[in-house]
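Below is the file data.csv, which contains CSV, C-alpha atoms.
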```csv
chain,number,residue,atom,x,y,z
N,30,MET,CA,67.5,126.5,88.0
N,31,ASN,CA,66.6,123.4,85.8
N,32,GLU,CA,69.3,120.8,85.3
N,33,LYS,CA,70.5,120.3,81.7
N,34,LEU,CA,69.0,117.3,80.0
N,35,ILE,CA,70.6,115.6,77.0
N,36,SER,CA,69.1,113.2,74.5
N,37,ILE,CA,69.7,109.5,74.5
N,38,GLY,CA,71.9,109.9,71.4
N,39,GLU,CA,74.1,112.4,73.0
N,40,ALA,CA,74.3,110.3,76.1
N,41,ALA,CA,75.3,107.3,74.0
N,42,ARG,CA,78.2,109.3,72.5
N,43,LEU,CA,79.3,110.6,75.9
N,44,LEU,CA,79.4,107.1,77.4
N,45,ASN,CA,80.7,105.4,74.2
N,46,LEU,CA,77.8,103.1,74.2
N,47,SER,CA,75.1,102.2,71.7
N,48,VAL,CA,71.6,103.6,72.0
N,49,ASP,CA,70.2,100.0,72.3
N,50,THR,CA,72.5,99.4,75.4
N,51,LEU,CA,71.2,102.6,77.0
N,52,ARG,CA,67.6,101.4,76.4
N,53,ARG,CA,68.4,98.1,78.0
N,54,TRP,CA,70.0,99.8,81.0
N,55,ASP,CA,67.0,102.1,81.3
N,56,LYS,CA,64.6,99.1,81.3
N,57,SER,CA,66.8,97.2,83.9
N,58,GLY,CA,67.2,100.2,86.1
N,59,LYS,CA,71.0,100.4,85.7
N,60,LEU,CA,70.8,103.9,84.3
N,61,PRO,CA,67.3,105.2,84.3
N,62,SER,CA,66.2,107.9,81.8
N,63,LEU,CA,63.7,110.7,82.1
N,64,LYS,CA,60.8,111.6,79.9
N,65,LYS,CA,59.6,115.1,79.3
N,66,SER,CA,55.9,115.7,79.7
N,67,GLY,CA,54.1,114.8,76.5
N,68,SER,CA,57.2,113.3,74.9
N,69,ALA,CA,58.1,109.6,74.4
N,70,HIS,CA,61.8,110.4,73.9
N,71,ARG,CA,64.4,109.5,76.6
N,72,TYR,CA,66.6,112.1,78.2
N,73,TYR,CA,69.3,112.1,80.9
N,74,ARG,CA,70.5,114.6,83.4
N,75,GLU,CA,74.0,115.7,82.6
N,76,SER,CA,74.9,115.5,86.3
N,77,ASP,CA,73.7,111.9,86.5
N,78,LEU,CA,75.9,110.9,83.6
N,79,ARG,CA,78.9,112.7,85.1
N,80,ILE,CA,78.5,110.8,88.3
N,81,PHE,CA,78.0,107.5,86.4
N,82,LEU,CA,81.4,108.1,84.7
N,83,THR,CA,83.1,109.0,87.9
N,84,ASP,CA,85.3,106.5,89.8
N,85,LEU,CA,84.3,107.4,93.3
N,86,VAL,CA,86.9,105.2,95.0
N,87,GLU,CA,89.7,106.8,92.8
N,88,LEU,CA,88.3,110.3,93.6
N,89,ALA,CA,88.3,109.6,97.3
N,90,GLN,CA,91.7,108.1,97.3
N,91,SER,CA,93.1,111.1,95.4
N,92,TRP,CA,91.7,113.4,98.0
N,93,LEU,CA,93.1,111.4,100.9
N,94,GLU,CA,96.5,111.6,99.3
N,95,LYS,CA,96.5,115.3,98.2
N,96,GLY,CA,94.3,117.0,100.8
N,97,GLY,CA,92.5,120.3,100.3
N,98,GLU,CA,88.8,120.4,99.9
N,99,PRO,CA,87.2,117.7,97.7
N,100,ASP,CA,84.8,118.4,94.9
N,101,SER,CA,81.8,120.3,96.5
N,102,GLN,CA,79.5,117.7,95.0
N,103,PHE,CA,80.9,115.1,97.5
N,104,TYR,CA,82.1,117.4,100.4
N,105,CYS,CA,80.2,117.5,103.7
N,106,GLN,CA,81.9,120.2,105.8
N,107,ASN,CA,79.8,119.5,108.9
N,108,SER,CA,77.4,116.9,110.2
N,109,GLY,CA,74.3,118.9,109.3
N,110,ILE,CA,75.2,118.9,105.6
N,111,PHE,CA,76.1,115.2,105.9
N,112,GLN,CA,72.7,114.3,107.5
N,113,GLY,CA,70.9,116.2,104.7
N,114,ARG,CA,72.7,114.4,102.0
N,115,ASN,CA,72.2,111.1,103.7
N,116,GLY,CA,68.5,111.9,103.7
N,117,SER,CA,68.7,112.6,100.0
N,118,LEU,CA,70.3,109.2,99.5
N,119,GLU,CA,67.4,107.6,101.4
N,120,THR,CA,64.9,109.2,99.1
N,121,LEU,CA,66.7,108.0,96.0
N,122,LEU,CA,67.2,104.5,97.3
N,123,ALA,CA,63.5,104.2,98.3
N,124,GLN,CA,62.7,104.6,94.6
N,125,GLU,CA,64.7,101.4,93.7
N,126,LYS,CA,62.3,98.5,93.9
N,127,ALA,CA,65.2,96.0,93.9
N,128,LEU,CA,66.5,97.6,97.2
N,129,ASN,CA,63.2,97.8,99.0
N,130,GLU,CA,64.3,95.4,101.8
N,131,VAL,CA,67.8,96.8,102.3
N,132,PHE,CA,67.7,100.5,101.6
N,133,PRO,CA,67.1,101.5,105.3
N,134,LEU,CA,70.2,99.4,106.2
N,135,ILE,CA,72.3,101.2,103.6
N,136,VAL,CA,71.2,104.6,105.0
N,137,ALA,CA,71.9,103.4,108.5
N,138,ILE,CA,75.4,102.2,107.6
N,139,ALA,CA,76.2,105.5,105.9
N,140,GLY,CA,74.9,107.4,108.9
N,141,GLU,CA,76.9,105.3,111.4
N,142,VAL,CA,80.2,105.7,109.5
N,143,GLY,CA,79.7,109.4,108.7
N,144,ASN,CA,78.7,110.2,112.2
N,145,ASN,CA,81.8,108.4,113.5
N,146,SER,CA,84.0,110.6,111.5
N,147,PHE,CA,82.4,113.8,112.9
N,148,ASP,CA,82.1,112.5,116.5
N,149,HIS,CA,85.7,111.1,116.8
N,150,ASN,CA,87.4,114.1,115.2
N,151,LEU,CA,85.3,116.8,116.8
N,152,GLY,CA,87.6,119.8,117.5
N,153,GLN,CA,90.7,117.6,116.6
N,154,TRP,CA,90.7,117.5,112.8
N,155,PRO,CA,94.5,117.2,111.9
N,156,ASP,CA,93.7,118.3,108.4
N,157,VAL,CA,90.6,119.1,106.4
N,158,PRO,CA,87.4,118.9,108.5
N,159,GLY,CA,84.4,117.0,107.1
N,160,VAL,CA,83.9,114.0,105.0
N,161,PHE,CA,83.8,112.9,101.4
N,162,PHE,CA,80.4,111.3,100.7
N,163,GLY,CA,79.7,109.9,97.3
N,164,TYR,CA,77.4,107.2,96.0
N,165,ASN,CA,76.3,105.7,92.6
N,166,ILE,CA,73.1,103.8,93.0
N,167,GLN,CA,73.3,102.4,89.5
N,168,LYS,CA,76.7,101.0,90.2
N,169,ARG,CA,75.6,100.0,93.7
N,170,ILE,CA,78.5,101.6,95.5
N,171,LEU,CA,78.8,104.1,98.4
N,172,VAL,CA,82.1,105.8,99.4
N,173,LEU,CA,82.9,107.7,102.6
N,174,ALA,CA,86.3,109.1,103.5
N,175,ASP,CA,87.8,111.6,106.0
N,176,ARG,CA,91.3,113.0,106.6
N,177,GLY,CA,90.9,112.7,110.4
N,178,GLN,CA,93.0,111.0,113.0
N,179,GLY,CA,92.2,107.5,111.9
N,180,VAL,CA,91.0,104.5,114.0
N,181,LEU,CA,94.3,103.8,115.8
N,182,ALA,CA,94.7,107.3,117.2
N,183,THR,CA,91.0,107.4,118.2
N,184,LEU,CA,91.1,104.0,120.1
N,185,LYS,CA,94.4,104.7,121.8
N,186,ARG,CA,92.6,107.1,124.0
N,187,VAL,CA,90.8,104.2,125.7
N,188,ARG,CA,93.1,101.4,124.6
N,189,PRO,CA,96.7,102.9,125.0
N,190,SER,CA,98.1,99.4,124.5
N,191,LEU,CA,97.1,99.2,120.9
N,192,GLN,CA,100.3,99.1,118.7
N,193,ASN,CA,99.2,99.2,115.1
N,194,ASP,CA,96.4,100.0,112.6
N,195,ALA,CA,95.5,96.4,112.0
N,196,ASP,CA,94.9,95.7,115.7
N,197,ALA,CA,92.9,98.9,115.9
N,198,LEU,CA,90.6,97.8,113.1
N,199,ARG,CA,90.1,94.4,114.7
N,200,VAL,CA,89.1,96.0,118.0
N,201,ALA,CA,86.8,98.6,116.3
N,202,PHE,CA,84.9,95.9,114.4
N,203,THR,CA,84.7,93.2,117.1
N,204,GLU,CA,84.8,94.7,120.6
N,205,ILE,CA,82.6,97.0,122.7
N,206,ILE,CA,85.0,99.8,123.6
N,207,SER,CA,82.9,102.7,124.8
N,208,GLY,CA,81.8,103.2,128.4
N,209,ARG,CA,78.2,103.1,127.4
N,210,ALA,CA,76.0,100.0,127.9
N,211,PRO,CA,75.8,98.1,124.6
N,212,GLU,CA,72.7,99.1,122.6
N,213,ALA,CA,70.4,96.5,121.1
N,214,ARG,CA,71.7,97.2,117.6
N,215,GLY,CA,75.4,96.9,118.6
N,216,ASN,CA,77.6,100.0,118.4
N,217,GLY,CA,79.7,101.7,115.8
N,218,LEU,CA,81.4,99.6,113.3
N,219,LYS,CA,80.3,96.4,115.0
N,220,PHE,CA,76.7,97.4,114.0
N,221,VAL,CA,77.9,97.8,110.4
N,222,SER,CA,79.6,94.5,110.4
N,223,SER,CA,76.5,92.7,111.7
N,224,ILE,CA,74.5,94.1,108.7
N,225,ILE,CA,77.0,92.9,106.2
N,226,GLU,CA,77.0,89.5,107.8
N,227,LYS,CA,73.2,89.1,107.2
N,228,ASN,CA,72.8,90.8,103.8
N,229,ALA,CA,74.0,91.0,100.2
N,230,MET,CA,76.5,93.7,100.8
N,231,SER,CA,80.3,93.8,101.2
N,232,LEU,CA,82.7,96.4,102.5
N,233,VAL,CA,86.3,97.6,102.4
N,234,PHE,CA,87.6,99.8,105.2
N,235,LEU,CA,91.0,101.3,105.3
N,236,SER,CA,92.6,103.3,108.1
N,237,GLY,CA,96.3,104.2,108.3
N,238,SER,CA,98.2,101.2,106.9
N,239,ALA,CA,95.5,98.6,107.5
N,240,GLU,CA,92.7,97.3,105.3
N,241,LEU,CA,89.6,95.3,106.4
N,242,ARG,CA,87.4,93.4,104.0
N,243,GLN,CA,84.1,91.6,104.8
N,244,ASN,CA,82.1,89.7,102.2
N,245,SER,CA,78.3,89.5,102.1
N,246,HIS,CA,76.6,87.0,104.3
N,247,SER,CA,79.9,86.3,106.2
N,248,ALA,CA,81.1,87.2,109.7
N,249,GLU,CA,84.7,86.7,108.7
N,250,LEU,CA,86.9,89.8,108.7
N,251,ASP,CA,90.0,89.8,106.5
N,252,ILE,CA,92.5,92.3,108.0
N,253,SER,CA,95.8,93.0,106.3
N,254,THR,CA,98.6,95.6,106.2
N,255,VAL,CA,98.8,97.7,103.0
N,256,ASP,CA,101.9,99.4,101.5
N,257,LYS,CA,100.4,102.9,101.1
N,258,LYS,CA,99.3,104.5,104.4
N,259,ILE,CA,96.3,106.8,104.2
N,260,SER,CA,95.4,109.8,106.4
N,261,GLY,CA,92.1,109.1,108.1
N,262,CYS,CA,89.7,106.5,106.9
N,263,LEU,CA,88.2,105.2,103.6
N,264,PHE,CA,85.0,103.2,103.6
N,265,ILE,CA,83.6,101.5,100.5
N,266,LEU,CA,80.2,99.7,100.6
N,267,SER,CA,79.0,97.6,97.7
N,268,PHE,CA,75.3,96.6,97.7
```
Encoded form using structure tokens:
Amino acid sequence: MNEKLISIGEAARLLNLSVDTLRRWDKSGKLPSLKKSGSAHRYYRESDLRIFLTDLVELAQSWLEKGGEPDSQFYCQNSGIFQGRNGSLETLLAQEKALNEVFPLIVAIAGEVGNNSFDHNLGQWPDVPGVFFGYNIQKRILVLADRGQGVLATLKRVRPSLQNDADALRVAFTEIISGRAPEARGNGLKFVSSIIEKNAMSLVFLSGSAELRQNSHSAELDISTVDKKISGCLFILSF
């Protein structure tokens, strides 16, 4: 079934923007348009505009608070569905010339974080199984979330001395904690952090009552305690 296409004029009204602004965004790649065969007119997929208008962070946070299954557009019930959607992300990112050098790293980060959610909660999901996986390439943001056990509960299996979520995040991002020999690329979230340190990306990671922030081209990890505790994990990558 073909997706519904709307004209640039309709898109301008929906986004409360001028047609000239949309033309500039099309040219810059911020919000690319489509052209029908044999036509010079610009069109947009209705689904693309809906995603552009969606605040992915707000949507993920709402799901973490309320539970239940998230919107099917962002819900990966199992690792197979997640891997398929991460493959689709790779295809889309590969079409962005400005991201030619970093798009494989973005896909690798998404794969690492998403796979962690499935691996660490396998057979032990305390709530809804699966992950929220959303991205907006035009806005340069990727969001992953799960309502799993969280980092502290996961690490306490091998580090029972851990006392709080902030300490658990520090260990997860800075120490080798598995029994396997360290891989060349690092492991888990340490691998993610090493990519942020060397590239124009930044991240926010929340688990339980702790929040970690890492700015682009920086090894420094800013870990703090937040007022509102979340169930599971929330990962936000800006690129």
Distance of CA of Gly179 (chain N) from CA of Cys262 (chain N), expressed in Å to one decimal place: 5.7 Å
For Asp175 (chain N): contacts at 9 Å, only C-alpha atoms, fewer than 6 positions along chain excluded, given as a list in words: Ala89, Leu93, Gly143, Ser146, Val157, Pro158, Gly159, Val160, Phe161, Ser260, Gly261, Cys262 and Leu263 of chain N
Point (78.8, 87.0, 103.3), cut-off 9 Å, counting only C-alpha atoms, residues as number ranges by chain: N: 225-231, 243-249
Computed interatomic separation between CA of His149 (chain N) and CA of Thr183 (chain N) (Å): 6.6 Å
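Between Gly163 (chain N) and the residues N:Leu85, N:Ile252, N:Ile265, N:Leu60, the shortest atom-to-atom distance, using only C-alpha atoms, involves N:Leu85.
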Interatomic distance, CA of Asn107 (chain N) to CA of Val200 (chain N) (Å, one decimal): 26.9 Å
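Non-sequential neighbours of region 130-140 of chain N (distance at most 7 Å, separation of 2 or more positions within a chain, only C-alpha atoms) are Asn115, Glu119, Leu122, Ala123, Leu128, Val142, Gly143, Asn144 and Val221 of chain N.
For Val187 (chain N), the set of protein, DNA and RNA residues having any atom at most 12 Å away, when counting all atoms listed in the file and skipping those fewer than 2 positions along the same chain, is N:Val180, N:Leu181, N:Ala182, N:Thr183, N:Leu184, N:Lys185, N:Pro189, N:Ser190, N:Leu191, N:Ala197, N:Val200, N:Ala201, N:Ile205, N:Ile206, N:Ser207, N:Gly208.
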Can I get the selection written as an mmCIF file, keeping the file's coordinate frame, with C-alpha atoms?
```cif
data_model
loop_
_atom_site.group_PDB
_atom_site.id
_atom_site.type_symbol
_atom_site.label_atom_id
_atom_site.label_comp_id
_atom_site.auth_asym_id
_atom_site.auth_seq_id
_atom_site.Cartn_x
_atom_site.Cartn_y
_atom_site.Cartn_z
ATOM 1 C CA VAL N 180 91.000 104.500 114.000
ATOM 2 C CA LEU N 181 94.300 103.800 115.800
ATOM 3 C CA ALA N 182 94.700 107.300 117.200
ATOM 4 C CA THR N 183 91.000 107.400 118.200
ATOM 5 C CA LEU N 184 91.100 104.000 120.100
ATOM 6 C CA LYS N 185 94.400 104.700 121.800
ATOM 7 C CA PRO N 189 96.700 102.900 125.000
ATOM 8 C CA SER N 190 98.100 99.400 124.500
ATOM 9 C CA LEU N 191 97.100 99.200 120.900
ATOM 10 C CA ALA N 197 92.900 98.900 115.900
ATOM 11 C CA VAL N 200 89.100 96.000 118.000
ATOM 12 C CA ALA N 201 86.800 98.600 116.300
ATOM 13 C CA ILE N 205 82.600 97.000 122.700
ATOM 14 C CA ILE N 206 85.000 99.800 123.600
ATOM 15 C CA SER N 207 82.900 102.700 124.800
ATOM 16 C CA GLY N 208 81.800 103.200 128.400
#
```
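Taking only C-alpha atoms into account, Val86 (chain N) lies nearest to N:Val233 out of the set N:Gln153, N:Arg242, N:Val233, N:Asn193.
Using only C-alpha atoms, the nearest neighbour of Asp194 (chain N) within the list N:Thr120, N:Ser236, N:Ser223, N:Asn165 is N:Ser236.
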Residues within 12 Å of (76.0, 107.6, 83.6), file coords, only C-alpha atoms, listed as JSON, numbers by chain: {"N": [35, 37, 39, 40, 41, 42, 43, 44, 45, 46, 51, 54, 55, 58, 59, 60, 61, 62, 72, 73, 74, 75, 76, 77, 78, 79, 80, 81, 82, 83, 84, 165, 166, 167, 168]}
Residue contacts of Pro155 (chain N) (8 Å, all atoms listed in the file) excluding same-chain residues fewer than 3 positions away, as a PyMOL selection string: chain N and resi 176-178
Atoms added to region 155-174 of chain N (N, CA and C atoms), reported as a PDB file, in the coordinates of the input:
```pdb
ATOM      1  N   PRO N 155      93.063 116.868 112.212  1.00  0.00           N
ATOM      2  CA  PRO N 155      94.500 117.200 111.900  1.00  0.00           C
ATOM      3  C   PRO N 155      94.646 117.858 110.571  1.00  0.00           C
ATOM      4  N   ASP N 156      93.623 117.755 109.730  1.00  0.00           N
ATOM      5  CA  ASP N 156      93.700 118.300 108.400  1.00  0.00           C
ATOM      6  C   ASP N 156      92.385 118.915 107.990  1.00  0.00           C
ATOM      7  N   VAL N 157      91.804 118.488 106.892  1.00  0.00           N
ATOM      8  CA  VAL N 157      90.600 119.100 106.400  1.00  0.00           C
ATOM      9  C   VAL N 157      89.367 118.539 107.178  1.00  0.00           C
ATOM     10  N   PRO N 158      88.553 119.393 107.782  1.00  0.00           N
ATOM     11  CA  PRO N 158      87.400 118.900 108.500  1.00  0.00           C
ATOM     12  C   PRO N 158      86.308 118.411 107.527  1.00  0.00           C
ATOM     13  N   GLY N 159      85.485 117.485 107.992  1.00  0.00           N
ATOM     14  CA  GLY N 159      84.400 117.000 107.100  1.00  0.00           C
ATOM     15  C   GLY N 159      84.729 115.730 106.418  1.00  0.00           C
ATOM     16  N   VAL N 160      83.751 115.259 105.623  1.00  0.00           N
ATOM     17  CA  VAL N 160      83.900 114.000 105.000  1.00  0.00           C
ATOM     18  C   VAL N 160      83.601 114.070 103.461  1.00  0.00           C
ATOM     19  N   PHE N 161      84.185 113.152 102.739  1.00  0.00           N
ATOM     20  CA  PHE N 161      83.800 112.900 101.400  1.00  0.00           C
ATOM     21  C   PHE N 161      82.696 111.877 101.397  1.00  0.00           C
ATOM     22  N   PHE N 162      81.591 112.186 100.704  1.00  0.00           N
ATOM     23  CA  PHE N 162      80.400 111.300 100.700  1.00  0.00           C
ATOM     24  C   PHE N 162      79.880 111.207  99.299  1.00  0.00           C
ATOM     25  N   GLY N 163      80.135 110.066  98.660  1.00  0.00           N
ATOM     26  CA  GLY N 163      79.700 109.900  97.300  1.00  0.00           C
ATOM     27  C   GLY N 163      79.002 108.529  97.125  1.00  0.00           C
ATOM     28  N   TYR N 164      78.055 108.463  96.220  1.00  0.00           N
ATOM     29  CA  TYR N 164      77.400 107.200  96.000  1.00  0.00           C
ATOM     30  C   TYR N 164      76.907 107.161  94.518  1.00  0.00           C
ATOM     31  N   ASN N 165      76.831 105.968  93.979  1.00  0.00           N
ATOM     32  CA  ASN N 165      76.300 105.700  92.600  1.00  0.00           C
ATOM     33  C   ASN N 165      75.354 104.568  92.752  1.00  0.00           C
ATOM     34  N   ILE N 166      74.070 104.867  92.763  1.00  0.00           N
ATOM     35  CA  ILE N 166      73.100 103.800  93.000  1.00  0.00           C
ATOM     36  C   ILE N 166      73.048 102.834  91.836  1.00  0.00           C
ATOM     37  N   GLN N 167      73.273 103.313  90.602  1.00  0.00           N
ATOM     38  CA  GLN N 167      73.300 102.400  89.500  1.00  0.00           C
ATOM     39  C   GLN N 167      74.424 101.400  89.561  1.00  0.00           C
ATOM     40  N   LYS N 168      75.566 101.855  90.042  1.00  0.00           N
ATOM     41  CA  LYS N 168      76.700 101.000  90.200  1.00  0.00           C
ATOM     42  C   LYS N 168      76.716 100.260  91.562  1.00  0.00           C
ATOM     43  N   ARG N 169      75.732 100.604  92.401  1.00  0.00           N
ATOM     44  CA  ARG N 169      75.600 100.000  93.700  1.00  0.00           C
ATOM     45  C   ARG N 169      76.834 100.133  94.576  1.00  0.00           C
ATOM     46  N   ILE N 170      77.272 101.387  94.714  1.00  0.00           N
ATOM     47  CA  ILE N 170      78.500 101.600  95.500  1.00  0.00           C
ATOM     48  C   ILE N 170      78.277 102.932  96.319  1.00  0.00           C
ATOM     49  N   LEU N 171      78.827 102.934  97.536  1.00  0.00           N
ATOM     50  CA  LEU N 171      78.800 104.100  98.400  1.00  0.00           C
ATOM     51  C   LEU N 171      80.210 104.260  98.989  1.00  0.00           C
ATOM     52  N   VAL N 172      80.727 105.496  98.978  1.00  0.00           N
ATOM     53  CA  VAL N 172      82.100 105.800  99.400  1.00  0.00           C
ATOM     54  C   VAL N 172      82.073 106.907 100.454  1.00  0.00           C
ATOM     55  N   LEU N 173      82.701 106.682 101.593  1.00  0.00           N
ATOM     56  CA  LEU N 173      82.900 107.700 102.600  1.00  0.00           C
ATOM     57  C   LEU N 173      84.367 107.782 102.961  1.00  0.00           C
ATOM     58  N   ALA N 174      84.877 108.988 103.153  1.00  0.00           N
ATOM     59  CA  ALA N 174      86.300 109.100 103.500  1.00  0.00           C
ATOM     60  C   ALA N 174      86.459 110.384 104.375  1.00  0.00           C
TER      61      ALA N 174
END
```
